[in-house]
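**Q** Can you read through this structure? Questions will come right after.
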There are 2 protein chains.
Amino acid sequence: MRQITTEDIAHVTLGATLLGTGGGGDPYIGALMARQAIERFGPVDVVDAADLDPDGLVVAVAIVGAPTVIIERVPAGAEFVESLRAMGRYLGRDPVAIMPIEVGGMNTLIPMATAAEVGLPLIDADGMGRAFPEIGMTVFTLAGLPATPITVSDEKGNLGIFETVDNRTAEILGRTAVVQLGMANAVSQYPMTARQCVDSAIHGSLSYCTELGRMLASARDGSPSALDELLDFAGGRRIFNGKITDIDRRATDGFTRGTCDIEHFDDPLRSMRLLIQNELLVAIDNGTPVLTPPDLICVLDHENAQPITTETLAYGQRVDVIALPAARQWHRDGFLDVVGPRAFGYDLDYVPFGRN
Amino acid sequence: MRQITTEDIAHVTLGATLLGTGGGGDPYIGALMARQAIERFGPVDVVDAADLDPDGLVVAVAIVGAPTVIIERVPAGAEFVESLRAMGRYLGRDPVAIMPIEVGGMNTLIPMATAAEVGLPLIDADGMGRAFPEIGMTVFTLAGLPATPITVSDEKGNLGIFETVDNRTAEILGRTAVVQLGMANAVSQYPMTARQCVDSAIHGSLSYCTELGRMLASARDGSPSALDELLDFAGGRRIFNGKITDIDRRATDGFTRGTCDIEHFDDPLRSMRLLIQNELLVAIDNGTPVLTPPDLICVLDHENAQPITTETLAYGQRVDVIALPAARQWHRDGFLDVVGPRAFGYDLDYVPFGRN
């Protein structure tokens, strides 16, 4: 049994920013919530799914909504507890542990706050191994597990519960309720047994995220080898470095979409274009796609290797672009239907990591 | 104990068309469903709320959605049963009776079909005494009773459940789910005890609707005094007769909005304008509002006194416009906030029935 204390939160936050691949919602708001909750209720126990009663109920707790709205209206926390309690009432049994649905962005930290408040352990696992924009984009969907029942709560006391025939409909109904309730709400979803979690989740991902964050902190603090160590640890590599020459970024229906162009430091005729949908999703090197989802693209400040979010990308920034492979749990039949380039509307084939 | 048989359905349908005041969804589709269900499962018992166990659970069953979509996609029936069963599961107890939420339009007949299928009695009462477009426009809202929990089911097996802090939010969330699920769905709502139903519902409204229908059938079959008898019975009166000279009707977001102008038979300088939002809501006689919600405006064919829906109003039709008073249960503090002209966005004062 390990514990998350307020000291760990800075590393988790840095790691979640990296794995957010530019999106996933600002982890600093989640960090604020987690820190406050741990100060008030005490540290959070972190467990492996295999350590739980196999028949125990596991629930993923998250915020769903437009990142820009979340920033303007920091969640109170009570709505997450209420969505979790509503799930327990609806299913007629209490959860034994909470799981993050993603280990990128703010949803890495929010479940910590909820776990602290309700006194449940947090599972060292998630459903994405990074951040993705839709409820259904999980290894659980790939394993045939339903996202529903989903409970959606707001800070006023409104509650929606959905049971749907597929996870795509869950995304549509859940997100629509969120939009009507004010664009950002607490969601409990993917209720499953600990056994199902053992069989299907991406295990160790919270530890992985924390370790990445620790390495990024070393890099920030001046360790010259920290980024190489990080790439070694994650099996990642540098794919480009250069200066941002153009940003085209539009906020539409709660999504940030656009492109970012980077001119190579050493070869002004070589440029990389990054395609953005909240997250950085596709990297195109001189016209050739070199990185596609579910693999990860991270833009780092060239000076200190700190991750830059899509909202803060700016003309003239000097950056390193690194690539990390998707969690191995993604690599099973049908994964491209769930999180491949075409699942995001790009008419591109998946580029296997390592062949790019 | 009375019963509804297939023979009663024609009268209920005619009455529901009249009380639909031009809207409320085509009752003929509801009639089709009710007739099929009664043929298959047997007649429906009709009871007064006061005859039920006071602690028994009463639920209103209805279709919510765009009338035009409902016409194109006749509901199967199973989704209404499923929404009712979901309500029972959610509350942990089974309903003892079903209630229509309105006695105008198709929602007068759909609960009959559901009652026949599940073998529950139908209560001779409703929440509107006519048709209204929103979930919250009921005497129950006026009495402080919540519309939620609401269960929304579609024919595919998707389910949404909502608990909201007020009936306005219930309308927003419920209708949004309906739009996402395909624009017309089964809804169970206003779960209450039979005692609460006794205290707050509009009682006898199904009988009232049926009797109006019987009188309209007499008028159609040539009885010259039938319409006068109907007006006597309902406390209504003729407010205009003439020829339709203009129709401006737009279908927007599932609502039909517009105006209908009628030139008086005897005085070409006198004209009536009717304002439409699905239902006929306001009558203006030569510039002066003479009838406003919640009182009822019905347009009848001048030749045979049959009600004309807003979809079938046409240039050149010769019509009688009649007014009926809202159910007396509406007349308590705050009713104008729920169903007065301003609740529909009209900058008009309520015109008390009889002063017009």
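Just so we're on the same page: first chain in the structure tokens is A, next is B, and so on; residues restart at 1 for each chain, and ligands are numbered from 1 in the order they show up.
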Pull the strand (DSSP E or B) assignments for range 215-293 of chain B out of DSSP run on the backbone, and list those residues as a ChimeraX atom specification.
**A** /B:237-252,255-264,271-277,279-285,288-291
**Q** May I ask you to extract the residues of chain B within 12 Å of chain A, using only C-alpha atoms, and to give them as a ChimeraX atom specification?
**A** /B:83,86-87,89-92,148-182
**Q** Would you mind writing down, as a PyMOL selection string, each residue of range 68-224 of chain B that DSSP on the backbone assigns to alpha helix (DSSP H)?
**A** chain B and resi 68-72+78-91+110-118+139-142+167-180+194-200+205-220
**Q** Emit the selected residues as a compact mmCIF listing (two decimals), in the first residue's frame, including C-alpha atoms.
**A**
```
# COMPACT_ATOMS: atom_id res chain seq x y z
CA THR B 68 -43.63 15.97 -36.65
CA VAL B 69 -41.08 13.31 -35.70
CA ILE B 70 -43.67 11.34 -33.74
CA ILE B 71 -45.88 11.19 -36.84
CA GLU B 72 -43.02 9.84 -38.96
CA ALA B 78 -42.23 -1.08 -25.44
CA GLU B 79 -40.27 2.08 -24.60
CA PHE B 80 -43.16 3.42 -22.51
CA VAL B 81 -43.30 0.20 -20.51
CA GLU B 82 -39.52 0.34 -20.11
CA SER B 83 -39.56 3.95 -18.87
CA LEU B 84 -42.23 2.97 -16.33
CA ARG B 85 -40.28 -0.10 -15.19
CA ALA B 86 -37.11 1.99 -14.88
CA MET B 87 -39.03 4.37 -12.61
CA GLY B 88 -40.16 1.46 -10.44
CA ARG B 89 -36.61 0.10 -10.23
CA TYR B 90 -35.17 3.52 -9.46
CA LEU B 91 -37.66 4.23 -6.67
CA ILE B 110 -50.56 6.86 -24.90
CA PRO B 111 -50.96 6.22 -21.14
CA MET B 112 -54.00 4.07 -21.99
CA ALA B 113 -51.84 1.89 -24.19
CA THR B 114 -49.22 1.57 -21.45
CA ALA B 115 -51.85 0.89 -18.78
CA ALA B 116 -53.34 -1.87 -20.94
CA GLU B 117 -49.92 -3.43 -21.54
CA VAL B 118 -48.77 -3.44 -17.90
CA VAL B 139 -50.76 22.03 -11.61
CA PHE B 140 -48.24 19.77 -9.88
CA THR B 141 -45.52 22.37 -10.39
CA LEU B 142 -47.95 24.91 -8.94
CA ASN B 167 -39.09 21.50 -12.91
CA ARG B 168 -37.59 24.02 -15.33
CA THR B 169 -34.26 22.14 -15.24
CA ALA B 170 -36.19 18.88 -15.63
CA GLU B 171 -37.69 20.25 -18.85
CA ILE B 172 -34.26 21.29 -20.16
CA LEU B 173 -32.49 18.02 -19.34
CA GLY B 174 -35.38 15.78 -20.30
CA ARG B 175 -35.99 17.48 -23.63
CA THR B 176 -32.28 17.60 -24.48
CA ALA B 177 -31.96 13.87 -23.90
CA VAL B 178 -35.00 13.37 -26.12
CA VAL B 179 -33.46 15.44 -28.90
CA GLN B 180 -30.21 13.44 -28.68
CA ALA B 194 -52.07 8.73 -4.68
CA ARG B 195 -52.64 11.14 -1.76
CA GLN B 196 -50.55 13.83 -3.48
CA CYS B 197 -52.48 13.14 -6.68
CA VAL B 198 -55.79 13.55 -4.83
CA ASP B 199 -54.60 16.86 -3.40
CA SER B 200 -53.20 18.42 -6.56
CA SER B 205 -60.45 15.29 -16.76
CA LEU B 206 -60.40 12.05 -18.74
CA SER B 207 -64.18 11.78 -18.35
CA TYR B 208 -64.49 15.45 -19.32
CA CYS B 209 -62.38 14.85 -22.42
CA THR B 210 -64.44 11.80 -23.38
CA GLU B 211 -67.72 13.67 -22.93
CA LEU B 212 -66.49 16.56 -25.10
CA GLY B 213 -65.55 13.99 -27.72
CA ARG B 214 -68.99 12.40 -27.60
CA MET B 215 -70.56 15.83 -28.16
CA LEU B 216 -68.22 16.58 -31.06
CA ALA B 217 -69.17 13.24 -32.60
CA SER B 218 -72.85 14.26 -32.35
CA ALA B 219 -72.04 17.57 -34.02
CA ARG B 220 -70.17 15.77 -36.78
```
**Q** When you look at Ile63 in chain B with a cut-off of 7 Å (counting only C-alpha atoms), what residues show up, excluding the ones that are within fewer than 4 positions of it in the same chain? I need them as a ChimeraX atom specification.
**A** /B:107,184-187
**Q** I'd like the superposed chain B, fitted onto chain A by least squares over all Cα atoms in order, as a CSV table (one decimal) with C-alpha atoms, in the first residue's frame.
**A**
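The resulting superposed_7.csv:
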```csv
chain,number,residue,atom,x,y,z
B,1,MET,CA,0.0,0.0,0.0
B,2,ARG,CA,1.3,3.3,-1.0
B,3,GLN,CA,0.0,6.8,-0.2
B,4,ILE,CA,-0.4,10.0,-2.1
B,5,THR,CA,0.5,13.0,0.1
B,6,THR,CA,0.5,16.7,-0.7
B,7,GLU,CA,4.2,16.3,-1.6
B,8,ASP,CA,3.4,14.0,-4.4
B,9,ILE,CA,0.9,16.3,-6.1
B,10,ALA,CA,3.5,18.5,-7.8
B,11,HIS,CA,5.0,15.4,-9.6
B,12,VAL,CA,1.6,13.9,-10.5
B,13,THR,CA,0.6,17.3,-11.9
B,14,LEU,CA,3.7,17.6,-14.1
B,15,GLY,CA,3.3,14.1,-15.3
B,16,ALA,CA,-0.4,14.6,-16.0
B,17,THR,CA,0.5,17.8,-18.0
B,18,LEU,CA,2.9,15.7,-20.2
B,19,LEU,CA,0.5,12.8,-20.7
B,20,GLY,CA,-2.3,15.4,-21.4
B,21,THR,CA,-0.4,16.0,-24.7
B,22,GLY,CA,-1.4,19.6,-24.6
B,23,GLY,CA,-5.0,19.0,-23.5
B,24,GLY,CA,-7.0,17.1,-20.9
B,25,GLY,CA,-7.9,20.2,-18.9
B,26,ASP,CA,-5.5,22.2,-16.8
B,27,PRO,CA,-4.1,19.8,-14.2
B,28,TYR,CA,-3.4,22.7,-11.8
B,29,ILE,CA,-7.0,23.1,-10.9
B,30,GLY,CA,-7.2,19.4,-10.2
B,31,ALA,CA,-4.0,19.8,-8.2
B,32,LEU,CA,-5.6,22.5,-6.1
B,33,MET,CA,-8.6,20.3,-5.4
B,34,ALA,CA,-6.4,17.3,-4.5
B,35,ARG,CA,-4.2,19.3,-2.3
B,36,GLN,CA,-7.1,20.8,-0.4
B,37,ALA,CA,-8.8,17.5,0.0
B,38,ILE,CA,-5.7,15.7,1.3
B,39,GLU,CA,-5.0,18.5,3.7
B,40,ARG,CA,-8.5,18.3,5.1
B,41,PHE,CA,-9.2,14.5,4.9
B,42,GLY,CA,-5.7,13.0,5.0
B,43,PRO,CA,-3.5,11.1,2.4
B,44,VAL,CA,-5.0,8.8,-0.2
B,45,ASP,CA,-4.2,5.1,-0.3
B,46,VAL,CA,-3.1,3.9,-3.7
B,47,VAL,CA,-3.7,0.2,-4.5
B,48,ASP,CA,-3.4,-2.2,-7.3
B,49,ALA,CA,-6.7,-3.5,-8.7
B,50,ALA,CA,-5.4,-7.0,-7.9
B,51,ASP,CA,-5.3,-6.2,-4.2
B,52,LEU,CA,-9.0,-5.5,-4.0
B,53,ASP,CA,-11.9,-7.9,-3.4
B,54,PRO,CA,-12.4,-9.2,-7.0
B,55,ASP,CA,-16.2,-8.7,-6.7
B,56,GLY,CA,-15.8,-5.2,-5.2
B,57,LEU,CA,-17.3,-2.3,-7.2
B,58,VAL,CA,-14.8,0.1,-8.9
B,59,VAL,CA,-15.9,3.4,-10.3
B,60,ALA,CA,-14.1,6.0,-12.4
B,61,VAL,CA,-14.7,9.6,-11.3
B,62,ALA,CA,-14.0,12.5,-13.6
B,63,ILE,CA,-14.9,16.0,-14.8
B,64,VAL,CA,-16.5,16.2,-18.2
B,65,GLY,CA,-16.8,19.5,-20.0
B,66,ALA,CA,-15.1,22.3,-21.8
B,67,PRO,CA,-11.6,23.0,-20.3
B,68,THR,CA,-12.1,26.8,-20.7
B,69,VAL,CA,-15.3,26.6,-18.5
B,70,ILE,CA,-13.6,24.5,-15.9
B,71,ILE,CA,-10.9,27.1,-15.5
B,72,GLU,CA,-13.4,29.8,-15.0
B,73,ARG,CA,-15.5,27.8,-12.5
B,74,VAL,CA,-13.3,25.8,-10.2
B,75,PRO,CA,-15.3,22.7,-9.1
B,76,ALA,CA,-16.2,22.6,-5.5
B,77,GLY,CA,-15.7,18.9,-5.0
B,78,ALA,CA,-19.1,18.1,-3.5
B,79,GLU,CA,-20.6,17.3,-7.0
B,80,PHE,CA,-18.0,14.5,-7.5
B,81,VAL,CA,-18.9,12.9,-4.2
B,82,GLU,CA,-22.6,13.2,-5.1
B,83,SER,CA,-22.1,11.6,-8.5
B,84,LEU,CA,-20.3,8.7,-6.8
B,85,ARG,CA,-23.0,8.3,-4.1
B,86,ALA,CA,-25.7,8.4,-6.8
B,87,MET,CA,-23.8,5.5,-8.6
B,88,GLY,CA,-23.8,3.5,-5.3
B,89,ARG,CA,-27.5,4.2,-4.7
B,90,TYR,CA,-28.4,3.3,-8.3
B,91,LEU,CA,-26.4,0.0,-8.3
B,92,GLY,CA,-27.4,-0.8,-4.7
B,93,ARG,CA,-23.9,-1.3,-3.5
B,94,ASP,CA,-21.0,0.9,-2.4
B,95,PRO,CA,-17.8,1.2,-4.4
B,96,VAL,CA,-14.6,-0.2,-2.8
B,97,ALA,CA,-12.2,2.0,-4.8
B,98,ILE,CA,-12.0,4.9,-7.2
B,99,MET,CA,-10.1,4.9,-10.5
B,100,PRO,CA,-9.0,7.7,-12.7
B,101,ILE,CA,-10.4,7.4,-16.2
B,102,GLU,CA,-7.3,9.0,-17.7
B,103,VAL,CA,-3.8,9.9,-16.5
B,104,GLY,CA,-3.4,13.0,-18.6
B,105,GLY,CA,-4.8,16.4,-17.6
B,106,MET,CA,-7.0,17.3,-14.7
B,107,ASN,CA,-8.8,14.0,-14.5
B,108,THR,CA,-5.7,12.5,-13.1
B,109,LEU,CA,-6.0,14.6,-10.0
B,110,ILE,CA,-9.7,15.0,-9.4
B,111,PRO,CA,-10.3,11.4,-8.5
B,112,MET,CA,-7.6,11.9,-5.8
B,113,ALA,CA,-9.6,14.7,-4.3
B,114,THR,CA,-12.8,12.6,-4.3
B,115,ALA,CA,-10.9,9.5,-2.9
B,116,ALA,CA,-9.6,11.7,-0.1
B,117,GLU,CA,-13.0,13.1,0.7
B,118,VAL,CA,-14.9,9.8,0.7
B,119,GLY,CA,-12.0,7.8,2.3
B,120,LEU,CA,-11.7,5.2,-0.5
B,121,PRO,CA,-8.4,4.0,-2.0
B,122,LEU,CA,-7.4,5.1,-5.5
B,123,ILE,CA,-6.4,2.4,-8.0
B,124,ASP,CA,-3.0,2.7,-9.7
B,125,ALA,CA,-4.6,2.2,-13.2
B,126,ASP,CA,-6.7,4.1,-15.8
B,127,GLY,CA,-8.6,3.6,-19.0
B,128,MET,CA,-6.5,5.7,-21.5
B,129,GLY,CA,-2.9,5.8,-20.4
B,130,ARG,CA,-3.0,9.5,-21.5
B,131,ALA,CA,-5.9,12.0,-22.0
B,132,PHE,CA,-8.6,11.6,-24.7
B,133,PRO,CA,-11.6,13.8,-25.3
B,134,GLU,CA,-14.5,11.3,-25.3
B,135,ILE,CA,-16.0,9.1,-22.6
B,136,GLY,CA,-15.8,6.0,-24.8
B,137,MET,CA,-12.2,6.3,-25.8
B,138,THR,CA,-10.9,3.7,-23.3
B,139,VAL,CA,-9.4,0.3,-23.2
B,140,PHE,CA,-12.6,-0.6,-21.4
B,141,THR,CA,-14.6,0.1,-24.6
B,142,LEU,CA,-12.1,-2.1,-26.4
B,143,ALA,CA,-12.7,-4.9,-23.8
B,144,GLY,CA,-16.5,-4.6,-24.4
B,145,LEU,CA,-17.2,-3.0,-21.0
B,146,PRO,CA,-20.0,-0.4,-20.9
B,147,ALA,CA,-19.3,3.1,-19.7
B,148,THR,CA,-22.8,3.1,-18.2
B,149,PRO,CA,-24.5,3.5,-15.9
B,150,ILE,CA,-23.1,7.0,-15.9
B,151,THR,CA,-24.1,9.5,-13.2
B,152,VAL,CA,-23.7,13.3,-13.9
B,153,SER,CA,-24.0,15.8,-11.1
B,154,ASP,CA,-23.7,19.5,-10.9
B,155,GLU,CA,-23.0,21.8,-8.0
B,156,LYS,CA,-26.6,22.8,-7.7
B,157,GLY,CA,-27.9,19.3,-6.9
B,158,ASN,CA,-29.1,18.2,-10.4
B,159,LEU,CA,-28.5,14.6,-11.3
B,160,GLY,CA,-28.6,12.7,-14.6
B,161,ILE,CA,-28.2,8.9,-14.9
B,162,PHE,CA,-27.7,7.2,-18.2
B,163,GLU,CA,-27.7,3.6,-19.3
B,164,THR,CA,-27.0,3.2,-23.0
B,165,VAL,CA,-26.7,0.5,-25.6
B,166,ASP,CA,-23.2,1.6,-26.5
B,167,ASN,CA,-20.4,3.8,-25.3
B,168,ARG,CA,-20.8,6.2,-28.2
B,169,THR,CA,-24.4,7.0,-27.1
B,170,ALA,CA,-23.1,7.3,-23.5
B,171,GLU,CA,-20.7,10.0,-24.8
B,172,ILE,CA,-23.5,11.8,-26.6
B,173,LEU,CA,-26.1,11.8,-23.8
B,174,GLY,CA,-23.5,12.4,-21.0
B,175,ARG,CA,-21.9,15.3,-22.8
B,176,THR,CA,-25.3,16.9,-23.8
B,177,ALA,CA,-26.4,16.8,-20.2
B,178,VAL,CA,-23.1,18.4,-19.2
B,179,VAL,CA,-23.6,21.2,-21.7
B,180,GLN,CA,-27.2,21.8,-20.5
B,181,LEU,CA,-26.1,21.8,-16.8
B,182,GLY,CA,-23.4,24.5,-17.4
B,183,MET,CA,-20.6,23.0,-19.5
B,184,ALA,CA,-18.6,21.2,-16.8
B,185,ASN,CA,-19.8,18.5,-14.4
B,186,ALA,CA,-18.9,15.6,-12.2
B,187,VAL,CA,-19.3,12.2,-13.8
B,188,SER,CA,-19.0,8.8,-12.3
B,189,GLN,CA,-18.8,6.0,-15.0
B,190,TYR,CA,-17.5,2.6,-15.9
B,191,PRO,CA,-18.7,0.8,-12.8
B,192,MET,CA,-17.0,-2.6,-12.9
B,193,THR,CA,-15.8,-5.2,-10.6
B,194,ALA,CA,-12.2,-5.2,-9.4
B,195,ARG,CA,-11.8,-8.4,-11.5
B,196,GLN,CA,-12.9,-6.6,-14.6
B,197,CYS,CA,-10.5,-3.8,-13.8
B,198,VAL,CA,-7.6,-6.3,-13.4
B,199,ASP,CA,-8.4,-7.8,-16.7
B,200,SER,CA,-8.8,-4.7,-18.8
B,201,ALA,CA,-7.3,-1.5,-17.2
B,202,ILE,CA,-3.9,0.1,-17.9
B,203,HIS,CA,-2.1,-0.8,-14.7
B,204,GLY,CA,0.6,1.2,-12.9
B,205,SER,CA,-0.3,4.3,-14.9
B,206,LEU,CA,-0.6,6.6,-11.9
B,207,SER,CA,2.9,5.5,-10.8
B,208,TYR,CA,4.1,6.0,-14.4
B,209,CYS,CA,2.6,9.5,-14.5
B,210,THR,CA,4.2,10.4,-11.2
B,211,GLU,CA,7.6,9.1,-12.3
B,212,LEU,CA,7.5,11.1,-15.5
B,213,GLY,CA,6.6,14.1,-13.4
B,214,ARG,CA,9.6,13.5,-11.1
B,215,MET,CA,11.9,13.4,-14.2
B,216,LEU,CA,10.4,16.6,-15.6
B,217,ALA,CA,11.0,18.3,-12.3
B,218,SER,CA,14.6,17.2,-12.4
B,219,ALA,CA,14.8,18.6,-16.0
B,220,ARG,CA,13.3,21.9,-14.8
B,221,ASP,CA,15.7,22.0,-11.9
B,222,GLY,CA,18.6,21.8,-14.3
B,223,SER,CA,19.5,18.1,-14.6
B,224,PRO,CA,21.0,17.9,-18.2
B,225,SER,CA,20.2,14.2,-18.6
B,226,ALA,CA,16.7,14.2,-17.2
B,227,LEU,CA,14.9,14.3,-20.5
B,228,ASP,CA,17.0,11.5,-21.9
B,229,GLU,CA,16.2,9.5,-18.8
B,230,LEU,CA,12.5,10.2,-19.3
B,231,LEU,CA,12.6,9.1,-22.9
B,232,ASP,CA,14.5,5.9,-21.9
B,233,PHE,CA,12.0,5.2,-19.2
B,234,ALA,CA,9.0,5.7,-21.4
B,235,GLY,CA,10.4,4.2,-24.6
B,236,GLY,CA,9.9,7.6,-26.3
B,237,ARG,CA,12.1,9.7,-28.5
B,238,ARG,CA,12.6,13.2,-29.8
B,239,ILE,CA,11.0,13.7,-33.2
B,240,PHE,CA,11.5,17.3,-33.9
B,241,ASN,CA,12.9,20.6,-32.5
B,242,GLY,CA,12.5,24.1,-33.8
B,243,LYS,CA,10.6,27.4,-33.5
B,244,ILE,CA,6.9,27.8,-33.7
B,245,THR,CA,6.1,29.8,-36.8
B,246,ASP,CA,2.3,29.6,-37.0
B,247,ILE,CA,-0.6,28.8,-34.7
B,248,ASP,CA,-4.2,28.5,-35.9
B,249,ARG,CA,-6.4,27.7,-32.9
B,250,ARG,CA,-10.1,28.1,-32.7
B,251,ALA,CA,-12.4,27.3,-29.7
B,252,THR,CA,-15.5,25.7,-31.0
B,253,ASP,CA,-18.3,24.0,-29.0
B,254,GLY,CA,-16.0,23.5,-26.0
B,255,PHE,CA,-13.2,22.0,-28.1
B,256,THR,CA,-10.0,23.7,-29.2
B,257,ARG,CA,-9.1,22.8,-32.8
B,258,GLY,CA,-6.3,23.9,-35.0
B,259,THR,CA,-2.8,23.5,-36.2
B,260,CYS,CA,0.7,24.4,-35.0
B,261,ASP,CA,3.6,24.8,-37.4
B,262,ILE,CA,7.2,24.5,-36.3
B,263,GLU,CA,10.3,25.3,-38.4
B,264,HIS,CA,13.3,23.0,-37.7
B,265,PHE,CA,16.3,24.6,-35.9
B,266,ASP,CA,18.9,23.2,-38.3
B,267,ASP,CA,17.0,23.1,-41.6
B,268,PRO,CA,14.6,26.0,-42.4
B,269,LEU,CA,13.2,23.9,-45.3
B,270,ARG,CA,11.9,21.3,-42.9
B,271,SER,CA,8.8,21.9,-40.9
B,272,MET,CA,6.4,20.0,-38.6
B,273,ARG,CA,2.7,20.5,-38.5
B,274,LEU,CA,0.8,19.4,-35.4
B,275,LEU,CA,-3.0,18.8,-35.6
B,276,ILE,CA,-4.9,19.8,-32.5
B,277,GLN,CA,-8.3,18.7,-31.1
B,278,ASN,CA,-7.9,19.7,-27.5
B,279,GLU,CA,-4.9,17.2,-27.4
B,280,LEU,CA,-2.0,17.2,-29.9
B,281,LEU,CA,-3.2,14.3,-32.1
B,282,VAL,CA,-1.1,14.1,-35.3
B,283,ALA,CA,2.4,15.1,-36.2
B,284,ILE,CA,3.3,15.7,-39.9
B,285,ASP,CA,6.9,16.1,-40.8
B,286,ASN,CA,7.4,17.8,-44.2
B,287,GLY,CA,4.0,16.4,-45.4
B,288,THR,CA,4.5,12.9,-44.0
B,289,PRO,CA,2.4,11.8,-40.9
B,290,VAL,CA,4.9,10.5,-38.4
B,291,LEU,CA,2.8,10.2,-35.3
B,292,THR,CA,-0.9,9.4,-34.9
B,293,PRO,CA,-3.2,8.5,-32.1
B,294,PRO,CA,-3.2,6.6,-29.8
B,295,ASP,CA,0.5,7.3,-29.5
B,296,LEU,CA,1.5,10.5,-27.7
B,297,ILE,CA,2.9,13.8,-29.0
B,298,CYS,CA,4.3,16.2,-26.4
B,299,VAL,CA,5.6,19.7,-27.0
B,300,LEU,CA,8.3,20.7,-24.5
B,301,ASP,CA,9.9,24.1,-23.9
B,302,HIS,CA,13.4,23.7,-25.5
B,303,GLU,CA,15.1,25.5,-22.6
B,304,ASN,CA,13.7,23.5,-19.6
B,305,ALA,CA,11.8,20.5,-21.0
B,306,GLN,CA,8.5,21.6,-19.4
B,307,PRO,CA,5.4,20.5,-21.3
B,308,ILE,CA,3.4,23.3,-23.1
B,309,THR,CA,-0.4,23.0,-23.4
B,310,THR,CA,-2.2,23.8,-26.6
B,311,GLU,CA,-3.7,26.9,-24.9
B,312,THR,CA,-0.2,28.3,-24.2
B,313,LEU,CA,1.5,27.4,-27.5
B,314,ALA,CA,2.8,30.7,-29.0
B,315,TYR,CA,4.5,32.1,-32.0
B,316,GLY,CA,8.3,32.1,-31.6
B,317,GLN,CA,8.5,29.5,-28.9
B,318,ARG,CA,11.5,27.2,-29.1
B,319,VAL,CA,10.3,23.7,-28.6
B,320,ASP,CA,11.2,20.0,-28.6
B,321,VAL,CA,8.6,17.7,-29.9
B,322,ILE,CA,8.7,14.2,-28.3
B,323,ALA,CA,6.8,11.1,-29.0
B,324,LEU,CA,5.8,8.4,-26.5
B,325,PRO,CA,4.2,5.1,-27.3
B,326,ALA,CA,0.6,4.4,-26.3
B,327,ALA,CA,0.1,2.0,-23.4
B,328,ARG,CA,0.6,-1.6,-24.6
B,329,GLN,CA,-3.0,-2.4,-23.5
B,330,TRP,CA,-4.2,-0.4,-26.5
B,331,HIS,CA,-2.7,-2.9,-28.9
B,332,ARG,CA,-5.4,-5.4,-29.4
B,333,ASP,CA,-8.0,-6.0,-32.2
B,334,GLY,CA,-10.2,-3.0,-32.9
B,335,PHE,CA,-8.1,-0.3,-31.2
B,336,LEU,CA,-8.0,1.9,-34.3
B,337,ASP,CA,-11.8,2.0,-34.4
B,338,VAL,CA,-11.8,3.4,-30.8
B,339,VAL,CA,-8.7,5.8,-30.9
B,340,GLY,CA,-7.1,5.6,-34.3
B,341,PRO,CA,-6.7,8.6,-36.5
B,342,ARG,CA,-10.0,8.0,-38.2
B,343,ALA,CA,-11.8,7.9,-34.8
B,344,PHE,CA,-10.9,11.6,-34.7
B,345,GLY,CA,-12.0,12.3,-38.2
B,346,TYR,CA,-8.6,12.3,-39.9
B,347,ASP,CA,-8.4,10.5,-43.2
B,348,LEU,CA,-5.0,9.0,-42.2
B,349,ASP,CA,-3.7,5.5,-41.5
B,350,TYR,CA,-2.2,4.7,-38.2
B,351,VAL,CA,1.6,5.0,-38.2
B,352,PRO,CA,3.0,2.2,-35.9
B,353,PHE,CA,5.3,3.7,-33.2
B,354,GLY,CA,8.9,3.0,-34.2
B,355,ARG,CA,8.2,3.0,-37.9
B,356,ASN,CA,8.0,6.8,-37.9
```
